[in-house]
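J.: Okay, so here is structure.txt, and as you'll see once you scroll down, it has compact mmCIF, C-alpha atoms.
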# COMPACT_ATOMS: atom_id res chain seq x y z
CA MET V 865 0.00 0.00 0.00
CA LYS V 866 2.76 2.44 1.02
CA ARG V 867 4.92 1.35 -1.91
CA ARG V 868 2.06 2.05 -4.32
CA GLY V 869 1.58 5.50 -2.81
CA LEU V 870 5.28 6.20 -3.18
CA ILE V 871 5.26 5.11 -6.84
CA TRP V 872 2.22 7.34 -7.41
CA TRP V 873 3.95 10.38 -5.95
CA VAL V 874 7.18 9.73 -7.87
CA LEU V 875 5.26 9.39 -11.16
CA PHE V 876 3.13 12.41 -10.30
CA LEU V 877 6.20 14.60 -9.74
CA PHE V 878 7.82 13.12 -12.85
CA SER V 879 4.76 13.95 -14.97
CA CYS V 880 4.65 17.51 -13.57
CA CYS V 881 8.35 17.97 -14.38
CA MET V 882 7.87 16.65 -17.92
CA LEU V 883 4.86 18.88 -18.42
CA CYS V 884 6.66 22.01 -17.20
CA TYR V 885 9.83 21.23 -19.16
CA GLY V 886 7.80 20.68 -22.33
CA LEU V 887 5.91 23.92 -21.79
CA LEU V 888 9.13 25.84 -21.17
CA ARG V 889 10.71 24.68 -24.41
CA GLY V 890 7.60 25.61 -26.39
CA GLU V 891 6.01 22.28 -27.22
CA ALA V 892 2.50 23.65 -26.61
CA ALA V 893 2.98 25.98 -29.58
CA VAL V 894 3.73 22.99 -31.83
CA VAL V 895 0.58 21.26 -30.54
CA LEU V 896 -1.48 24.40 -31.21
CA GLN V 897 -0.02 24.81 -34.69
CA LYS V 898 -0.78 21.19 -35.58
CA ALA V 899 -4.25 21.20 -34.00
CA THR V 900 -5.51 24.37 -35.66
CA ALA V 901 -4.59 23.26 -39.18
CA LEU V 902 -6.52 20.45 -40.84
CA CYS V 903 -4.57 17.21 -40.30
CA LEU V 904 -4.62 15.58 -43.73
CA GLU V 905 -3.43 12.26 -42.29
CA CYS V 906 -6.29 12.19 -39.76
CA VAL V 907 -8.86 12.97 -42.45
CA GLY V 908 -7.40 10.32 -44.75
CA ILE V 909 -5.82 12.34 -47.55
CA GLY V 910 -2.24 11.75 -46.37
CA MET M 422 -25.39 18.36 9.60
CA PRO M 423 -23.13 15.60 8.21
CA GLY M 424 -25.92 14.25 6.02
CA MET M 425 -26.91 17.64 4.65
CA ARG M 426 -24.54 17.63 1.71
CA GLY M 427 -25.52 14.08 0.82
CA ASP M 428 -29.25 14.99 1.03
CA TRP M 429 -28.70 18.01 -1.20
CA LEU M 430 -26.86 15.89 -3.76
CA MET M 431 -29.60 13.25 -3.78
CA LYS M 432 -32.18 15.97 -4.56
CA LYS M 433 -30.27 16.74 -7.73
CA LYS M 434 -31.57 14.50 -10.49
CA PHE M 435 -28.10 13.52 -11.75
CA PHE M 436 -27.11 11.87 -8.48
CA ARG M 437 -30.34 9.87 -8.35
CA TRP M 438 -29.47 8.28 -11.68
CA ARG M 439 -27.67 5.07 -11.19
CA GLY M 440 -24.98 3.12 -12.99
CA GLN M 441 -25.04 2.97 -16.74
CA SER M 442 -27.52 5.85 -17.24
CA ARG M 443 -25.28 8.15 -15.25
CA ARG M 444 -22.21 6.99 -17.18
CA LEU M 445 -24.00 7.51 -20.50
CA LEU M 446 -24.95 11.02 -19.43
CA VAL M 447 -21.33 11.83 -18.51
CA GLN M 448 -20.10 10.34 -21.81
CA ILE M 449 -22.56 12.37 -23.90
CA GLY M 450 -21.97 15.52 -21.81
CA SER M 451 -18.19 15.33 -22.09
CA ALA M 452 -18.33 14.54 -25.83
CA LEU M 453 -20.59 17.56 -26.42
CA LEU M 454 -18.53 19.81 -24.17
CA THR M 455 -15.20 18.99 -25.81
CA ASN M 456 -16.68 19.22 -29.32
CA SER M 457 -18.87 22.28 -28.90
CA HIS M 458 -17.55 24.38 -31.79
CA PHE M 459 -20.79 23.52 -33.56
CA SER M 460 -20.51 26.07 -36.37
CA GLY M 461 -17.40 24.21 -37.55
CA PHE M 462 -19.53 21.23 -38.60
CA ALA M 463 -21.60 23.39 -40.95
CA ARG M 464 -18.60 25.19 -42.47
CA GLY M 465 -16.07 22.36 -42.34
CA THR M 466 -13.62 24.63 -40.50
CA LEU M 467 -11.69 24.00 -37.28
CA TYR M 468 -11.69 25.89 -33.99
CA GLN M 469 -8.62 28.14 -33.98
CA GLY M 470 -8.52 29.22 -30.32
CA SER M 471 -5.71 28.79 -27.83
CA LEU M 472 -7.60 26.04 -25.95
CA LYS M 473 -6.19 23.68 -28.54
CA ARG M 474 -2.83 23.88 -26.78
CA ILE M 475 -4.39 21.61 -24.16
CA CYS M 476 -4.75 17.89 -24.77
CA LEU M 477 -8.03 16.24 -23.88
CA PRO M 478 -7.92 13.02 -21.87
CA GLY M 479 -9.78 10.86 -24.44
CA LEU M 480 -9.17 10.03 -28.11
CA ASN M 481 -10.74 13.19 -29.54
CA CYS M 482 -9.35 14.13 -32.98
CA TYR M 483 -8.16 17.75 -33.19
CA SER M 484 -9.26 17.91 -36.81
CA CYS M 485 -12.87 17.31 -35.78
CA PRO M 486 -14.61 20.59 -36.73
CA GLY M 487 -16.16 20.77 -33.26
CA ALA M 488 -13.05 19.96 -31.20
CA LEU M 489 -11.99 22.56 -28.62
CA GLY M 490 -8.89 20.67 -27.49
CA SER M 491 -6.19 18.40 -28.89
CA CYS M 492 -6.01 14.64 -29.22
CA PRO M 493 -3.23 13.40 -26.90
CA ILE M 494 -2.09 10.67 -29.30
CA GLY M 495 -2.13 13.04 -32.29
CA ALA M 496 -0.23 15.67 -30.28
CA LEU M 497 2.32 13.10 -29.09
CA GLN M 498 3.11 12.18 -32.70
CA ALA M 499 2.95 15.78 -33.92
CA VAL M 500 5.60 16.98 -31.46
CA ALA M 501 7.83 13.89 -31.84
CA SER M 502 7.72 14.11 -35.63
CA SER M 503 8.26 17.88 -35.78
CA VAL M 504 11.50 19.49 -36.91
CA SER M 505 12.13 21.16 -33.54
CA PHE M 506 11.64 18.25 -31.11
CA ASP M 507 12.20 14.50 -30.87
CA VAL M 508 10.47 13.85 -27.55
CA ALA M 509 7.05 15.21 -26.53
CA TYR M 510 7.58 15.96 -22.82
CA TYR M 511 4.55 18.23 -22.46
CA VAL M 512 2.05 15.80 -23.99
CA ALA M 513 3.59 12.74 -22.31
CA GLY M 514 3.48 14.52 -18.94
CA LEU M 515 -0.16 15.45 -19.45
CA ILE M 516 -1.15 11.90 -20.49
CA LEU M 517 0.70 10.46 -17.48
CA LEU M 518 -1.08 12.95 -15.21
CA PHE M 519 -4.50 12.00 -16.59
CA GLY M 520 -3.65 8.31 -16.17
CA LEU M 521 -2.43 8.78 -12.60
CA LEU M 522 -5.66 10.50 -11.66
CA LEU M 523 -8.24 8.32 -13.40
CA GLY M 524 -6.55 5.38 -15.18
CA ARG M 525 -8.80 3.75 -17.76
CA ALA M 526 -11.88 5.37 -16.24
CA ILE M 527 -11.12 7.95 -18.94
CA CYS M 528 -11.87 5.28 -21.58
CA GLY M 529 -15.12 4.32 -19.89
CA TRP M 530 -16.41 7.81 -19.11
CA PHE M 531 -14.76 10.49 -21.25
CA CYS M 532 -13.77 9.04 -24.63
CA PRO M 533 -16.05 10.04 -27.55
CA PHE M 534 -15.09 7.01 -29.64
CA GLY M 535 -15.73 4.78 -26.63
CA LEU M 536 -19.21 6.30 -26.46
CA VAL M 537 -19.87 5.44 -30.12
CA GLN M 538 -18.79 1.83 -29.51
CA ASP M 539 -20.91 1.61 -26.34
CA LEU M 540 -23.98 2.81 -28.26
CA LEU M 541 -23.38 0.26 -31.03
CA TRP M 542 -23.02 -2.51 -28.48
CA ARG M 543 -26.52 -1.70 -27.24
CA LEU M 544 -27.98 -2.78 -30.59
CA PRO M 545 -30.00 -5.99 -30.18
CA VAL M 546 -27.81 -8.39 -32.19
CA PRO M 547 -26.19 -11.65 -31.00
CA LYS M 548 -23.04 -10.93 -28.96
CA LEU M 549 -19.64 -12.56 -29.10
CA HIS M 550 -18.26 -12.76 -25.56
CA ARG M 551 -14.66 -13.27 -26.63
CA MET M 552 -12.96 -12.93 -30.03
CA PRO M 553 -10.86 -15.88 -31.24
CA GLY M 554 -7.26 -15.13 -30.21
CA ASP M 555 -8.50 -12.53 -27.72
CA ARG M 556 -5.44 -12.70 -25.45
CA LEU M 557 -2.96 -12.15 -28.27
CA LEU M 558 -5.10 -9.48 -29.91
CA ARG M 559 -5.13 -7.49 -26.67
CA LEU M 560 -1.34 -7.19 -26.89
CA LEU M 561 -1.71 -5.54 -30.29
CA LYS M 562 -2.50 -2.15 -28.74
CA TYR M 563 0.91 -2.10 -27.02
CA ALA M 564 2.61 -2.80 -30.37
CA VAL M 565 0.55 0.00 -31.98
CA LEU M 566 1.61 2.39 -29.20
CA PHE M 567 5.27 1.44 -29.39
CA LEU M 568 5.66 1.32 -33.16
CA LEU M 569 3.11 3.69 -34.71
CA VAL M 570 2.98 6.35 -31.97
CA LEU M 571 6.33 6.42 -30.17
CA VAL M 572 9.11 5.06 -32.38
CA LEU M 573 8.36 5.30 -36.10
CA PRO M 574 6.96 8.89 -36.25
CA ALA M 575 10.21 10.12 -34.65
CA ALA M 576 12.50 7.72 -36.53
CA LEU M 577 11.17 7.83 -40.09
CA THR M 578 11.79 11.42 -41.10
CA ASN M 579 12.17 13.13 -44.46
CA ALA M 580 15.06 15.30 -45.65
CA VAL M 581 13.78 18.27 -43.60
CA GLY M 582 13.57 16.15 -40.45
CA MET M 583 9.79 15.80 -40.32
CA GLY M 584 8.04 12.50 -39.64
CA GLU M 585 4.46 11.38 -40.12
CA PRO M 586 1.75 10.70 -37.54
CA LEU M 587 1.51 7.05 -38.58
CA PHE M 588 -1.24 6.00 -36.18
CA CYS M 589 -3.47 8.91 -37.27
CA LYS M 590 -2.69 8.23 -40.91
CA TRP M 591 -3.19 4.46 -41.10
CA ILE M 592 -5.34 3.42 -38.16
CA CYS M 593 -7.23 6.05 -36.15
CA PRO M 594 -10.95 5.40 -36.72
CA SER M 595 -11.82 8.28 -34.40
CA GLY M 596 -10.13 10.65 -36.86
CA THR M 597 -12.04 9.17 -39.80
CA LEU M 598 -15.37 9.38 -38.00
CA PHE M 599 -15.11 12.73 -36.21
CA ALA M 600 -12.76 14.58 -38.60
CA GLY M 601 -12.73 12.84 -41.98
CA LEU M 602 -16.44 12.37 -42.58
CA PRO M 603 -17.63 15.83 -41.37
CA VAL M 604 -14.88 17.65 -43.28
CA VAL M 605 -15.43 15.59 -46.43
CA ALA M 606 -19.18 16.25 -46.22
CA ALA M 607 -18.67 20.02 -45.85
CA ASP M 608 -15.77 20.70 -48.22
CA GLY M 609 -15.86 19.91 -51.95
CA ASN M 610 -12.12 20.50 -52.41
CA ILE M 611 -11.31 17.88 -49.81
CA ARG M 612 -13.76 15.49 -51.47
CA ALA M 613 -11.94 15.93 -54.76
CA ALA M 614 -8.60 15.04 -53.14
CA LEU M 615 -9.72 11.72 -51.63
CA GLY M 616 -7.95 8.55 -52.66
CA GLY M 617 -6.89 5.09 -51.56
CA LEU M 618 -5.89 6.13 -48.04
CA PHE M 619 -9.35 7.48 -47.29
CA ARG M 620 -10.93 4.30 -48.67
CA TRP M 621 -8.66 2.17 -46.43
CA LYS M 622 -9.52 4.27 -43.37
CA LEU M 623 -13.22 4.15 -44.19
CA ILE M 624 -13.15 0.34 -44.57
CA LEU M 625 -11.29 0.05 -41.24
CA LEU M 626 -13.79 2.36 -39.54
CA LEU M 627 -16.81 0.51 -40.92
CA GLY M 628 -15.25 -2.84 -39.98
CA LEU M 629 -14.63 -1.67 -36.40
CA LEU M 630 -18.11 -0.16 -36.10
CA LEU M 631 -19.71 -3.37 -37.38
CA LEU M 632 -17.55 -5.44 -35.03
CA ALA M 633 -18.55 -3.14 -32.15
CA THR M 634 -22.15 -4.34 -32.49
CA VAL M 635 -21.12 -7.91 -31.57
CA VAL M 636 -17.89 -7.46 -29.57
CA HIS M 637 -17.74 -4.84 -26.82
CA ARG M 638 -15.35 -1.98 -27.70
CA PRO M 639 -13.07 -3.86 -30.15
CA PHE M 640 -10.97 -0.75 -30.81
CA CYS M 641 -10.36 -0.14 -27.09
CA LYS M 642 -9.53 -3.79 -26.46
CA TYR M 643 -7.20 -4.40 -29.38
CA LEU M 644 -5.92 -1.22 -31.00
CA CYS M 645 -6.15 1.92 -28.87
CA PRO M 646 -2.69 3.25 -27.90
CA LEU M 647 -4.23 5.54 -25.30
CA GLY M 648 -5.77 2.53 -23.56
CA ALA M 649 -2.32 0.92 -23.69
CA ILE M 650 -0.96 3.87 -21.70
CA TYR M 651 -3.84 4.26 -19.23
CA GLY M 652 -4.26 0.49 -18.69
CA PRO M 653 -1.13 -0.22 -16.63
CA LEU M 654 -1.80 2.99 -14.65
CA ASN M 655 -5.04 1.39 -13.36
CA GLN M 656 -2.81 -0.32 -10.79
CA ILE M 657 -1.78 2.92 -9.13
CA SER M 658 -4.28 5.58 -10.25
CA LEU M 659 -6.37 7.43 -7.66
CA PHE M 660 -9.57 5.86 -9.01
CA ARG M 661 -9.23 2.20 -8.08
CA TYR M 662 -11.60 -0.61 -7.21
CA GLN M 663 -11.34 -2.89 -4.20
CA VAL M 664 -13.13 -6.17 -3.50
CA ALA M 665 -14.29 -6.64 0.09
CA GLU M 666 -13.99 -9.90 2.01
CA SER M 667 -17.76 -10.30 1.78
CA CYS M 668 -17.23 -11.40 -1.87
CA THR M 669 -18.62 -14.93 -2.26
CA HIS M 670 -16.97 -15.50 -5.66
CA CYS M 671 -20.37 -16.10 -7.21
CA GLY M 672 -19.04 -15.06 -10.64
CA GLY M 673 -21.77 -12.46 -11.21
CA CYS M 674 -19.25 -9.67 -11.87
CA ARG M 675 -17.30 -11.77 -14.34
CA ALA M 676 -20.46 -12.70 -16.22
CA VAL M 677 -21.49 -9.09 -16.83
CA CYS M 678 -18.03 -7.61 -17.46
CA PRO M 679 -17.88 -6.52 -21.11
CA MET M 680 -14.08 -6.33 -20.97
CA GLN M 681 -13.80 -9.88 -19.52
CA VAL M 682 -11.92 -8.77 -16.40
CA GLU M 683 -11.41 -11.39 -13.68
CA MET M 684 -12.86 -8.99 -11.15
CA PRO M 685 -12.37 -10.62 -7.73
CA GLN M 686 -8.74 -11.52 -8.55
CA LYS M 687 -7.77 -8.40 -10.51
CA PRO M 688 -9.96 -5.43 -9.53
CA ASN M 689 -7.41 -3.06 -11.07
CA SER M 690 -6.70 -5.00 -14.24
CA SER M 691 -5.29 -2.96 -17.13
CA GLU M 692 -8.36 -3.97 -19.18
CA CYS M 693 -10.92 -2.53 -16.74
CA ILE M 694 -12.54 0.67 -18.05
CA ARG M 695 -14.44 1.30 -14.77
CA CYS M 696 -17.86 1.03 -16.41
CA GLY M 697 -19.25 -0.15 -13.08
CA ARG M 698 -21.36 -3.05 -14.39
CA CYS M 699 -19.63 -5.39 -11.93
CA ARG M 700 -20.59 -3.13 -9.03
CA GLU M 701 -24.23 -3.18 -10.11
CA ALA M 702 -24.21 -6.96 -10.53
CA CYS M 703 -22.59 -7.79 -7.20
CA PRO M 704 -25.27 -9.13 -4.79
CA GLN M 705 -22.94 -8.48 -1.82
CA GLN M 706 -22.00 -4.98 -3.00
CA ALA M 707 -18.44 -6.07 -2.39
CA ILE M 708 -16.88 -4.04 -5.20
CA THR M 709 -16.33 -0.41 -4.26
CA PRO M 710 -14.03 2.42 -5.27
CA GLU M 711 -10.99 2.44 -3.01
CA PRO M 712 -11.07 5.40 -0.60
CA ILE M 713 -8.36 7.90 -1.43
CA CYS M 714 -8.24 10.33 1.49
CA ARG M 715 -7.58 9.57 5.16
CA ARG M 716 -11.07 10.62 6.24
CA GLU M 717 -12.68 8.18 3.81
CA LYS M 718 -10.24 5.45 4.85
CA ARG M 719 -11.24 5.98 8.52
CA LYS M 720 -14.93 5.78 7.57
CA GLN M 721 -14.26 2.60 5.61
CA ALA M 722 -12.41 1.09 8.58
CA CYS M 723 -15.38 1.94 10.86
CA ARG M 724 -17.82 0.32 8.41
CA ASP M 725 -15.65 -2.81 8.13
CA ALA M 726 -15.34 -3.05 11.92
Using structure tokens, write down the structure from this file.

T.:
Amino acid sequence: MKRRGLIWWVLFLFSCCMLCYGLLRGEAAVVLQKATALCLECVGIG
Amino acid sequence: MPGMRGDWLMKKKFFRWRGQSRRLLVQIGSALLTNSHFSGFARGTLYQGSLKRICLPGLNCYSCPGALGSCPIGALQAVASSVSFDVAYYVAGLILLFGLLLGRAICGWFCPFGLVQDLLWRLPVPKLHRMPGDRLLRLLKYAVLFLLVLVLPAALTNAVGMGEPLFCKWICPSGTLFAGLPVVAADGNIRAALGGLFRWKLILLLGLLLLATVVHRPFCKYLCPLGAIYGPLNQISLFRYQVAESCTHCGGCRAVCPMQVEMPQKPNSSECIRCGRCREACPQQAITPEPICRREKRKQACRDA
């Protein structure tokens, strides 16, 4: 039980670090750019 | 006083609804909420606002004309296959966070394509409890995640250094249904550009939708890379099930489970989408969500004592 809690907290902190690091280096802008243009692969044009 | 909040909640209609009706309401509500750029469906245009920086928890294509947020799997591939980055820390962190909070409850409650499959499964046609080769087929989603989402989009790049979102391109039926069909219906130029790839994706979509009428959620069971990420996190996520000692092993939960989870032995199996059918079927009411805060744990201990 305690071990599971510890793993949860470690992964939680790890995910927060990844999220912040990604945001700091501007990955959200790439996501926005991709998401606001029509994705031809998703639609099936390729 | 302690019962006041509970009484107030019970007066609200939503909290009087039980089980599958409540889940269906949440599924429809979340699908409408995250795809509420309704004018986009008429014009065939996408929402351009900054909300699209944020990934949604479920498989919700960002090229759906109604989508207000981004698809986590699409975004993962988009960042990894971009010229600037090889690893998508932001999207991976967000997906991990969603998984740590809810695990595969996201699949059962908040995924629009899961909702479509659930509705198809309600059709009154003979059901197939288990596909031939079910165990092996369930491993396929991990291969899809590893190859088509994580490795190949970053590895197979062109001269400029850009890769392709291979899962979106060759597999994703959610993209074909929620993005492809509405955009194709609204835009003549797109219609004129359709070719073999669209036909392949359409055949795959129709095959999966047909299969979903006889097998429960075939895409989630066998192909979904998001389920492959959230599944293992069921073991440690905040939303977990526990089976009390009052369980008589009558097999009622196993009989109703559409994902064929061995509930008394593995209440937090990576296949469980937390639909709650087992909880409704249990005559002993032995399956409950595991309490997460100390106060709830104390209450649980008092009840058990």

J.: So, with only C-alpha atoms as the atoms that count, which of M:Arg559, M:Arg474, M:Lys590, M:Arg698 lies closest to Val895 (chain V)?

T.: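 Using only C-alpha atoms, Val895 (chain V) sits closest to M:Arg474.
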
J.: List as JSON lines every residue of region 446-550 of chain M that is in contact with region 645-659 of chain M, defined as an atom at most 6 Å from one of its atoms (using all atoms listed in the file), together with the nearest atom pair and the distance in Å rounded to one decimal, sorted by chain and then rising number.

T.:
{"residue": "M:Gly520", "atom": "CA", "partner": "M:Tyr651", "partner_atom": "CA", "distance": 5.1}
{"residue": "M:Leu521", "atom": "CA", "partner": "M:Ser658", "partner_atom": "CA", "distance": 4.4}
{"residue": "M:Leu522", "atom": "CA", "partner": "M:Leu659", "partner_atom": "CA", "distance": 5.1}
{"residue": "M:Leu523", "atom": "CA", "partner": "M:Ser658", "partner_atom": "CA", "distance": 5.8}
{"residue": "M:Gly524", "atom": "CA", "partner": "M:Asn655", "partner_atom": "CA", "distance": 4.6}
{"residue": "M:Arg525", "atom": "CA", "partner": "M:Tyr651", "partner_atom": "CA", "distance": 5.2}

J.: For chain V, work out the contacting residues on chain M at 6 Å, counting all atoms listed in the file, and write them as a list in words.

T.: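 Close enough to count are Gln469, Lys473, Arg474, Tyr483, Ser484, Ala496, Tyr510, Tyr511, Gly514, Leu517, Leu518, Cys589, Lys590, Gly596, Thr597, Ala600, Gly601, Leu615, Leu618 and Phe619 of chain M.
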
J.: Can you pull out the residues contacting Pro533 (chain M)? Cut-off 7 Å, using all atoms listed in the file, and skip same-chain residues under 4 positions away; I want them as JSON, numbers by chain.

T.: {"M": [452, 480, 481, 537]}

J.: What separation in Å, quoted to one decimal, exists between CA of Ser457 (chain M) and CA of Ser595 (chain M)?

T.: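 Going from CA of Ser457 (chain M) over to CA of Ser595 (chain M), I get 16.6 Å.
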
J.: What is the CA of Pro478 (chain M)-CA of Cys528 (chain M) distance in Å, reported with one decimal?

T.: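 Here the two named atoms are 8.7 Å from each other.
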
J.: Env of Gln441 (chain M): 10 Å cut, atoms = all atoms listed in the file, seq-sep filter 4 positions within chain, self excluded. Answer as a list in words.

T.: Leu445, Leu446, Val447, Cys696, Gly697, Arg698 and Glu701 of chain M

J.: One decimal, Å: what's the distance from CA of Thr634 (chain M) over to CA of Phe531 (chain M), could you say?

T.: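 According to the coordinates, CA of Thr634 (chain M) and CA of Phe531 (chain M) are separated by 20.0 Å.
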
J.: Box along x, y and z, 3 Å on every side, all listed atoms of region 869-881 of chain V inside: centre and edge lengths in Å to one decimal, as lines of an AutoDock Vina configuration file.

T.:
center_x = 5.0
center_y = 11.5
center_z = -8.9
size_x = 12.8
size_y = 18.9
size_z = 18.2

J.: Counting all atoms listed in the file, select every polymer residue within 6 Å of (-20.1, -12.8, -25.9) as defined in the file's coordinates, and provide the selection as a CSV table (one decimal) with C-alpha atoms, keeping the file's coordinate frame.

T.:
chain,number,residue,atom,x,y,z
M,548,LYS,CA,-23.0,-10.9,-29.0
M,549,LEU,CA,-19.6,-12.6,-29.1
M,550,HIS,CA,-18.3,-12.8,-25.6
M,551,ARG,CA,-14.7,-13.3,-26.6

J.: Considering only C-alpha atoms, state which residue in the set M:Pro553, M:Gly628, M:Gly529, M:Pro712 is at the smallest distance from Pro679 (chain M).

T.: M:Gly529
